[in-house]
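Right, one structure below, let's go through it.
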Amino acid sequence: QLQLVESGGGLVQPGRSLTLSCAASGNSFMDYAMGWFRQTQEKGREFVAGISRNGLTTNYADSLKGRFTIFRDNARKTVSLELSSLKVEDTALYYCAADQILWSTKTVRTNDRSYDYWGRGTQVTVSS
(Lines give C-alpha, C1' and ligand atoms only; values in the text may rest on other atoms or scores of the structure.)
Protein backbone atom coordinates (compact mmCIF):
# COMPACT_ATOMS: atom_id res chain seq x y z
CA GLN A 1 0.00 0.00 0.00
CA LEU A 2 0.93 3.60 -0.44
CA GLN A 3 -0.13 6.62 1.58
CA LEU A 4 0.02 10.02 -0.07
CA VAL A 5 0.00 13.42 1.57
CA GLU A 6 -0.11 16.63 -0.44
CA SER A 7 1.13 20.02 0.70
CA GLY A 8 1.92 23.45 -0.67
CA GLY A 9 -1.51 24.73 -1.62
CA GLY A 10 -2.78 28.14 -0.68
CA LEU A 11 -4.01 31.51 -1.89
CA VAL A 12 -1.94 33.07 -4.65
CA GLN A 13 -2.36 36.02 -6.97
CA PRO A 14 -2.80 35.58 -10.72
CA GLY A 15 0.49 35.33 -12.55
CA ARG A 16 2.33 33.96 -9.55
CA SER A 17 3.86 30.52 -9.05
CA LEU A 18 3.33 27.75 -6.56
CA THR A 19 4.86 24.35 -5.95
CA LEU A 20 2.81 21.45 -4.69
CA SER A 21 4.45 18.45 -3.08
CA CYS A 22 3.28 14.93 -2.43
CA ALA A 23 5.02 12.71 0.08
CA ALA A 24 4.54 8.97 -0.17
CA SER A 25 4.93 6.45 2.57
CA GLY A 26 4.78 2.72 2.28
CA ASN A 27 6.57 0.25 0.12
CA SER A 28 7.62 0.22 -3.49
CA PHE A 29 7.20 3.86 -4.45
CA MET A 30 9.16 3.10 -7.60
CA ASP A 31 6.48 0.65 -8.75
CA TYR A 32 4.15 3.57 -9.29
CA ALA A 33 3.74 6.15 -11.94
CA MET A 34 2.52 9.31 -10.28
CA GLY A 35 -0.06 11.82 -11.29
CA TRP A 36 -1.65 15.08 -10.31
CA PHE A 37 -5.34 15.71 -10.81
CA ARG A 38 -7.54 18.61 -9.90
CA GLN A 39 -11.19 18.90 -9.12
CA THR A 40 -13.76 21.66 -9.23
CA GLN A 41 -17.53 21.63 -9.05
CA GLU A 42 -17.81 22.90 -12.58
CA LYS A 43 -15.42 20.51 -14.31
CA GLY A 44 -15.23 17.59 -11.93
CA ARG A 45 -11.89 15.80 -11.70
CA GLU A 46 -9.40 16.26 -14.50
CA PHE A 47 -5.90 15.06 -15.26
CA VAL A 48 -3.20 17.67 -14.79
CA ALA A 49 0.16 15.92 -15.15
CA GLY A 50 1.80 12.53 -14.78
CA ILE A 51 5.28 11.11 -14.55
CA SER A 52 6.54 7.61 -15.17
CA ARG A 53 8.23 5.36 -12.68
CA ASN A 54 11.69 6.23 -13.94
CA GLY A 55 10.86 9.93 -14.19
CA LEU A 56 11.82 10.08 -17.87
CA THR A 57 8.33 10.30 -19.30
CA THR A 58 5.92 13.07 -18.46
CA ASN A 59 2.46 13.87 -19.71
CA TYR A 60 0.44 17.03 -19.32
CA ALA A 61 -3.07 18.15 -20.01
CA ASP A 62 -2.89 20.02 -23.31
CA SER A 63 -4.26 23.22 -21.82
CA LEU A 64 -1.57 23.27 -19.13
CA LYS A 65 1.55 22.52 -21.15
CA GLY A 66 4.23 25.07 -20.63
CA ARG A 67 2.89 26.35 -17.33
CA PHE A 68 3.03 23.26 -15.11
CA THR A 69 5.99 20.97 -14.48
CA ILE A 70 5.97 17.63 -12.72
CA PHE A 71 9.01 15.90 -11.28
CA ARG A 72 9.75 13.16 -8.80
CA ASP A 73 12.48 12.17 -6.39
CA ASN A 74 12.43 8.41 -5.95
CA ALA A 75 15.00 8.46 -3.18
CA ARG A 76 12.81 10.80 -1.13
CA LYS A 77 9.52 9.28 -2.33
CA THR A 78 8.14 12.59 -3.41
CA VAL A 79 6.45 13.99 -6.48
CA SER A 80 6.04 17.69 -7.03
CA LEU A 81 4.12 19.96 -9.33
CA GLU A 82 5.33 23.43 -10.19
CA LEU A 83 2.53 25.75 -11.23
CA SER A 84 3.52 28.97 -12.93
CA SER A 85 1.67 31.90 -14.49
CA LEU A 86 -1.33 30.90 -12.45
CA LYS A 87 -4.79 31.87 -13.61
CA VAL A 88 -8.04 32.21 -11.75
CA GLU A 89 -9.30 29.13 -13.58
CA ASP A 90 -6.50 27.07 -12.01
CA THR A 91 -8.36 27.31 -8.72
CA ALA A 92 -9.13 23.77 -7.65
CA LEU A 93 -8.46 21.01 -5.17
CA TYR A 94 -5.29 19.29 -6.35
CA TYR A 95 -4.78 15.59 -5.74
CA CYS A 96 -1.72 13.41 -5.93
CA ALA A 97 -2.29 9.84 -7.12
CA ALA A 98 -0.27 6.66 -7.63
CA ASP A 99 -0.71 4.20 -10.50
CA GLN A 100 0.98 0.83 -10.08
CA ILE A 101 2.49 -0.14 -13.44
CA LEU A 102 4.72 -3.15 -13.01
CA TRP A 103 5.09 -3.88 -16.74
CA SER A 104 6.67 -0.59 -17.74
CA THR A 105 8.92 2.06 -16.25
CA LYS A 106 8.05 4.56 -18.98
CA THR A 107 4.26 4.61 -19.06
CA VAL A 108 2.06 7.44 -17.84
CA ARG A 109 -1.71 7.13 -17.87
CA THR A 110 -4.19 9.95 -17.79
CA ASN A 111 -7.36 8.10 -16.80
CA ASP A 112 -8.10 8.55 -13.12
CA ARG A 113 -9.57 5.04 -12.98
CA SER A 114 -6.07 3.66 -13.51
CA TYR A 115 -4.81 5.16 -10.29
CA ASP A 116 -4.76 3.03 -7.19
CA TYR A 117 -4.03 5.42 -4.34
CA TRP A 118 -5.00 9.00 -3.72
CA GLY A 119 -4.12 11.72 -1.29
CA ARG A 120 -6.70 13.95 0.34
CA GLY A 121 -5.85 16.95 -1.77
CA THR A 122 -4.50 20.45 -1.29
CA GLN A 123 -6.49 23.54 -2.19
CA VAL A 124 -5.11 26.08 -4.63
CA THR A 125 -6.98 29.35 -4.89
CA VAL A 126 -5.90 31.93 -7.45
CA SER A 127 -7.38 35.32 -6.74
CA SER A 128 -6.38 38.96 -6.67
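Ligands are numbered from 1 in the order shown, residues from 1 within each chain, and chains are lettered A, B, ... in the order they appear in the C-alpha coordinates.
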Proximity check segment 61-106 of chain A to segment 37-50 of chain A, 12 Å, nearest pairs one decimal Å, only C-alpha atoms, as JSON lines:
```
{"residue": "A:Ala61", "atom": "CA", "partner": "A:Val48", "partner_atom": "CA", "distance": 5.2}
{"residue": "A:Asp62", "atom": "CA", "partner": "A:Val48", "partner_atom": "CA", "distance": 8.8}
{"residue": "A:Ser63", "atom": "CA", "partner": "A:Val48", "partner_atom": "CA", "distance": 9.0}
{"residue": "A:Leu64", "atom": "CA", "partner": "A:Val48", "partner_atom": "CA", "distance": 7.3}
{"residue": "A:Lys65", "atom": "CA", "partner": "A:Ala49", "partner_atom": "CA", "distance": 9.0}
{"residue": "A:Gly66", "atom": "CA", "partner": "A:Ala49", "partner_atom": "CA", "distance": 11.4}
{"residue": "A:Arg67", "atom": "CA", "partner": "A:Val48", "partner_atom": "CA", "distance": 10.9}
{"residue": "A:Phe68", "atom": "CA", "partner": "A:Ala49", "partner_atom": "CA", "distance": 7.9}
{"residue": "A:Thr69", "atom": "CA", "partner": "A:Ala49", "partner_atom": "CA", "distance": 7.7}
{"residue": "A:Ile70", "atom": "CA", "partner": "A:Ala49", "partner_atom": "CA", "distance": 6.5}
{"residue": "A:Phe71", "atom": "CA", "partner": "A:Gly50", "partner_atom": "CA", "distance": 8.7}
{"residue": "A:Arg72", "atom": "CA", "partner": "A:Gly50", "partner_atom": "CA", "distance": 10.0}
{"residue": "A:Val79", "atom": "CA", "partner": "A:Gly50", "partner_atom": "CA", "distance": 9.6}
{"residue": "A:Ser80", "atom": "CA", "partner": "A:Ala49", "partner_atom": "CA", "distance": 10.2}
{"residue": "A:Leu81", "atom": "CA", "partner": "A:Ala49", "partner_atom": "CA", "distance": 8.1}
{"residue": "A:Glu82", "atom": "CA", "partner": "A:Ala49", "partner_atom": "CA", "distance": 10.4}
{"residue": "A:Leu83", "atom": "CA", "partner": "A:Val48", "partner_atom": "CA", "distance": 10.5}
{"residue": "A:Glu89", "atom": "CA", "partner": "A:Thr40", "partner_atom": "CA", "distance": 9.7}
{"residue": "A:Asp90", "atom": "CA", "partner": "A:Arg38", "partner_atom": "CA", "distance": 8.8}
{"residue": "A:Thr91", "atom": "CA", "partner": "A:Thr40", "partner_atom": "CA", "distance": 7.8}
{"residue": "A:Ala92", "atom": "CA", "partner": "A:Thr40", "partner_atom": "CA", "distance": 5.3}
{"residue": "A:Leu93", "atom": "CA", "partner": "A:Gln39", "partner_atom": "CA", "distance": 5.2}
{"residue": "A:Tyr94", "atom": "CA", "partner": "A:Arg38", "partner_atom": "CA", "distance": 4.3}
{"residue": "A:Tyr95", "atom": "CA", "partner": "A:Phe37", "partner_atom": "CA", "distance": 5.1}
{"residue": "A:Cys96", "atom": "CA", "partner": "A:Phe37", "partner_atom": "CA", "distance": 6.5}
{"residue": "A:Ala97", "atom": "CA", "partner": "A:Phe37", "partner_atom": "CA", "distance": 7.6}
{"residue": "A:Ala98", "atom": "CA", "partner": "A:Gly50", "partner_atom": "CA", "distance": 9.5}
{"residue": "A:Asp99", "atom": "CA", "partner": "A:Gly50", "partner_atom": "CA", "distance": 9.7}
{"residue": "A:Lys106", "atom": "CA", "partner": "A:Gly50", "partner_atom": "CA", "distance": 11.0}
```
What lies within 9 Å of Leu4 of chain A using only C-alpha atoms, ignoring chain neighbours under 2 positions off, as a PyMOL selection string?
chain A and resi 2+6+22-25+96-98+117-120
Generate a file of the selected residues that holds N, CA, C and O atoms, formatted as a CSV table (one decimal), in the first residue's frame.
```csv
chain,number,residue,atom,x,y,z
A,2,LEU,N,0.2,2.3,-0.4
A,2,LEU,CA,0.9,3.6,-0.4
A,2,LEU,C,0.0,4.7,0.2
A,2,LEU,O,-1.2,4.7,-0.1
A,6,GLU,N,-0.5,15.5,0.3
A,6,GLU,CA,-0.1,16.6,-0.4
A,6,GLU,C,0.1,17.8,0.5
A,6,GLU,O,-0.4,17.9,1.6
A,22,CYS,N,4.0,16.1,-2.9
A,22,CYS,CA,3.3,14.9,-2.4
A,22,CYS,C,4.3,14.0,-1.9
A,22,CYS,O,5.2,13.6,-2.6
A,23,ALA,N,4.1,13.6,-0.6
A,23,ALA,CA,5.0,12.7,0.1
A,23,ALA,C,4.3,11.4,0.2
A,23,ALA,O,3.2,11.3,0.6
A,24,ALA,N,5.1,10.3,-0.2
A,24,ALA,CA,4.5,9.0,-0.2
A,24,ALA,C,5.2,8.2,1.0
A,24,ALA,O,6.4,8.3,1.2
A,25,SER,N,4.4,7.4,1.6
A,25,SER,CA,4.9,6.5,2.6
A,25,SER,C,4.4,5.1,2.3
A,25,SER,O,3.3,4.9,1.7
A,96,CYS,N,-2.8,14.3,-5.5
A,96,CYS,CA,-1.7,13.4,-5.9
A,96,CYS,C,-2.2,12.0,-6.0
A,96,CYS,O,-3.1,11.6,-5.1
A,97,ALA,N,-1.8,11.2,-7.0
A,97,ALA,CA,-2.3,9.8,-7.1
A,97,ALA,C,-1.2,8.9,-7.6
A,97,ALA,O,-0.2,9.4,-8.3
A,98,ALA,N,-1.3,7.6,-7.3
A,98,ALA,CA,-0.3,6.7,-7.6
A,98,ALA,C,-0.9,5.5,-8.5
A,98,ALA,O,-2.0,5.0,-8.1
A,117,TYR,N,-4.0,4.7,-5.6
A,117,TYR,CA,-4.0,5.4,-4.3
A,117,TYR,C,-4.1,6.9,-4.6
A,117,TYR,O,-3.5,7.5,-5.5
A,118,TRP,N,-4.8,7.6,-3.6
A,118,TRP,CA,-5.0,9.0,-3.7
A,118,TRP,C,-4.7,9.7,-2.4
A,118,TRP,O,-5.0,9.1,-1.3
A,119,GLY,N,-4.2,10.9,-2.5
A,119,GLY,CA,-4.1,11.7,-1.3
A,119,GLY,C,-5.4,12.4,-1.0
A,119,GLY,O,-6.4,12.2,-1.8
A,120,ARG,N,-5.5,13.3,0.0
A,120,ARG,CA,-6.7,14.0,0.3
A,120,ARG,C,-6.8,15.3,-0.4
A,120,ARG,O,-7.9,15.9,-0.3
```
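Between atom CA of Asp116 of chain A and atom CA of Thr57 of chain A lies a distance of 19.3 Å.
The interatomic distance for the pair atom CA of Gln100 of chain A and atom CA of Ser114 of chain A works out to 8.3 Å.
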Smallest atom-to-atom distance to Gly121 of chain A: which of A:Ala33, A:Ser7, A:Thr78, A:Trp103, using only C-alpha atoms?
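Checking each candidate against Gly121 of chain A, we get A:Ser7 as the closest.
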As an MDAnalysis selection string, which residues of chain A does DSSP assign to strand (DSSP E or B)?
chainID A and resid 2:7 10:12 18:26 32:40 44:51 58:60 68:73 78:83 92:100 117:118 122:126
Of the candidates A:Gln1, A:Ser52, A:Thr122, A:Ser85, which one gets nearest to Ser21 of chain A if we count only C-alpha atoms?
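Of all the options, A:Thr122 lies closest to Ser21 of chain A.
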Residues at most 10 Å from Thr105 of chain A, counting only C-alpha atoms, excluding those fewer than 6 positions away in the same chain, as an NGL selection string?
:A and (30-33 or 51-57)
Can you write out the residues you just picked, keeping all heavy atoms, as a PDB file, in the first residue's frame?
```pdb
ATOM      1  N   MET A  30       8.686   3.149  -6.224  1.00  0.00           N
ATOM      2  CA  MET A  30       9.161   3.097  -7.602  1.00  0.00           C
ATOM      3  C   MET A  30       8.339   2.176  -8.500  1.00  0.00           C
ATOM      4  O   MET A  30       8.572   2.118  -9.703  1.00  0.00           O
ATOM      5  CB  MET A  30      10.634   2.711  -7.631  1.00  0.00           C
ATOM      6  CG  MET A  30      11.538   3.803  -7.094  1.00  0.00           C
ATOM      7  SD  MET A  30      13.288   3.405  -7.219  1.00  0.00           S
ATOM      8  CE  MET A  30      13.483   3.336  -8.994  1.00  0.00           C
ATOM      9  N   ASP A  31       7.391   1.460  -7.948  1.00  0.00           N
ATOM     10  CA  ASP A  31       6.484   0.645  -8.751  1.00  0.00           C
ATOM     11  C   ASP A  31       5.343   1.463  -9.324  1.00  0.00           C
ATOM     12  O   ASP A  31       4.511   0.942 -10.071  1.00  0.00           O
ATOM     13  CB  ASP A  31       5.878  -0.485  -7.909  1.00  0.00           C
ATOM     14  CG  ASP A  31       6.887  -1.586  -7.609  1.00  0.00           C
ATOM     15  OD1 ASP A  31       7.964  -1.592  -8.235  1.00  0.00           O
ATOM     16  OD2 ASP A  31       6.571  -2.436  -6.759  1.00  0.00           O
ATOM     17  N   TYR A  32       5.297   2.744  -8.951  1.00  0.00           N
ATOM     18  CA  TYR A  32       4.148   3.571  -9.286  1.00  0.00           C
ATOM     19  C   TYR A  32       4.514   4.737 -10.193  1.00  0.00           C
ATOM     20  O   TYR A  32       5.446   5.493  -9.895  1.00  0.00           O
ATOM     21  CB  TYR A  32       3.508   4.133  -8.016  1.00  0.00           C
ATOM     22  CG  TYR A  32       2.931   3.076  -7.114  1.00  0.00           C
ATOM     23  CD1 TYR A  32       3.724   2.420  -6.187  1.00  0.00           C
ATOM     24  CD2 TYR A  32       1.586   2.736  -7.190  1.00  0.00           C
ATOM     25  CE1 TYR A  32       3.201   1.438  -5.368  1.00  0.00           C
ATOM     26  CE2 TYR A  32       1.045   1.765  -6.365  1.00  0.00           C
ATOM     27  CZ  TYR A  32       1.863   1.123  -5.460  1.00  0.00           C
ATOM     28  OH  TYR A  32       1.326   0.153  -4.646  1.00  0.00           O
ATOM     29  N   ALA A  33       3.771   4.870 -11.258  1.00  0.00           N
ATOM     30  CA  ALA A  33       3.741   6.149 -11.941  1.00  0.00           C
ATOM     31  C   ALA A  33       2.906   7.078 -11.070  1.00  0.00           C
ATOM     32  O   ALA A  33       2.020   6.628 -10.339  1.00  0.00           O
ATOM     33  CB  ALA A  33       3.112   6.012 -13.322  1.00  0.00           C
ATOM     34  N   ILE A  51       3.869  11.420 -14.339  1.00  0.00           N
ATOM     35  CA  ILE A  51       5.279  11.112 -14.547  1.00  0.00           C
ATOM     36  C   ILE A  51       5.485   9.624 -14.358  1.00  0.00           C
ATOM     37  O   ILE A  51       4.898   9.000 -13.470  1.00  0.00           O
ATOM     38  CB  ILE A  51       6.162  11.957 -13.599  1.00  0.00           C
ATOM     39  CG1 ILE A  51       7.638  11.809 -13.946  1.00  0.00           C
ATOM     40  CG2 ILE A  51       5.884  11.621 -12.132  1.00  0.00           C
ATOM     41  CD1 ILE A  51       8.521  12.855 -13.268  1.00  0.00           C
ATOM     42  N   SER A  52       6.322   9.049 -15.191  1.00  0.00           N
ATOM     43  CA  SER A  52       6.542   7.608 -15.172  1.00  0.00           C
ATOM     44  C   SER A  52       7.375   7.180 -13.973  1.00  0.00           C
ATOM     45  O   SER A  52       7.937   8.014 -13.246  1.00  0.00           O
ATOM     46  CB  SER A  52       7.244   7.183 -16.463  1.00  0.00           C
ATOM     47  OG  SER A  52       8.510   7.829 -16.573  1.00  0.00           O
ATOM     48  N   ARG A  53       7.469   5.903 -13.806  1.00  0.00           N
ATOM     49  CA  ARG A  53       8.225   5.357 -12.680  1.00  0.00           C
ATOM     50  C   ARG A  53       9.668   5.812 -12.686  1.00  0.00           C
ATOM     51  O   ARG A  53      10.240   6.113 -11.635  1.00  0.00           O
ATOM     52  CB  ARG A  53       8.159   3.836 -12.734  1.00  0.00           C
ATOM     53  CG  ARG A  53       6.818   3.246 -12.361  1.00  0.00           C
ATOM     54  CD  ARG A  53       6.782   1.752 -12.664  1.00  0.00           C
ATOM     55  NE  ARG A  53       7.882   1.053 -12.018  1.00  0.00           N
ATOM     56  CZ  ARG A  53       8.238  -0.188 -12.297  1.00  0.00           C
ATOM     57  NH1 ARG A  53       7.583  -0.874 -13.229  1.00  0.00           N
ATOM     58  NH2 ARG A  53       9.233  -0.759 -11.653  1.00  0.00           N
ATOM     59  N   ASN A  54      10.268   5.849 -13.869  1.00  0.00           N
ATOM     60  CA  ASN A  54      11.685   6.230 -13.941  1.00  0.00           C
ATOM     61  C   ASN A  54      11.875   7.734 -14.090  1.00  0.00           C
ATOM     62  O   ASN A  54      13.004   8.203 -14.181  1.00  0.00           O
ATOM     63  CB  ASN A  54      12.392   5.488 -15.079  1.00  0.00           C
ATOM     64  CG  ASN A  54      11.823   5.818 -16.439  1.00  0.00           C
ATOM     65  OD1 ASN A  54      11.015   6.717 -16.599  1.00  0.00           O
ATOM     66  ND2 ASN A  54      12.255   5.066 -17.443  1.00  0.00           N
ATOM     67  N   GLY A  55      10.780   8.477 -14.118  1.00  0.00           N
ATOM     68  CA  GLY A  55      10.865   9.932 -14.191  1.00  0.00           C
ATOM     69  C   GLY A  55      11.206  10.481 -15.555  1.00  0.00           C
ATOM     70  O   GLY A  55      11.313  11.699 -15.727  1.00  0.00           O
ATOM     71  N   LEU A  56      11.359   9.611 -16.556  1.00  0.00           N
ATOM     72  CA  LEU A  56      11.821  10.080 -17.866  1.00  0.00           C
ATOM     73  C   LEU A  56      10.674  10.433 -18.814  1.00  0.00           C
ATOM     74  O   LEU A  56      10.892  11.084 -19.831  1.00  0.00           O
ATOM     75  CB  LEU A  56      12.715   9.015 -18.518  1.00  0.00           C
ATOM     76  CG  LEU A  56      13.996   8.703 -17.754  1.00  0.00           C
ATOM     77  CD1 LEU A  56      14.818   7.658 -18.508  1.00  0.00           C
ATOM     78  CD2 LEU A  56      14.828   9.961 -17.535  1.00  0.00           C
ATOM     79  N   THR A  57       9.488   9.982 -18.477  1.00  0.00           N
ATOM     80  CA  THR A  57       8.325  10.303 -19.302  1.00  0.00           C
ATOM     81  C   THR A  57       7.348  11.140 -18.502  1.00  0.00           C
ATOM     82  O   THR A  57       7.025  10.786 -17.370  1.00  0.00           O
ATOM     83  CB  THR A  57       7.613   9.022 -19.773  1.00  0.00           C
ATOM     84  OG1 THR A  57       8.526   8.191 -20.470  1.00  0.00           O
ATOM     85  CG2 THR A  57       6.432   9.357 -20.673  1.00  0.00           C
TER      86      THR A  57
END
```
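The nearest approach to Val108 of chain A among the residues A:Thr58, A:Gln3, A:Gln123, A:Asn74, with only C-alpha atoms taken into account, belongs to A:Thr58.
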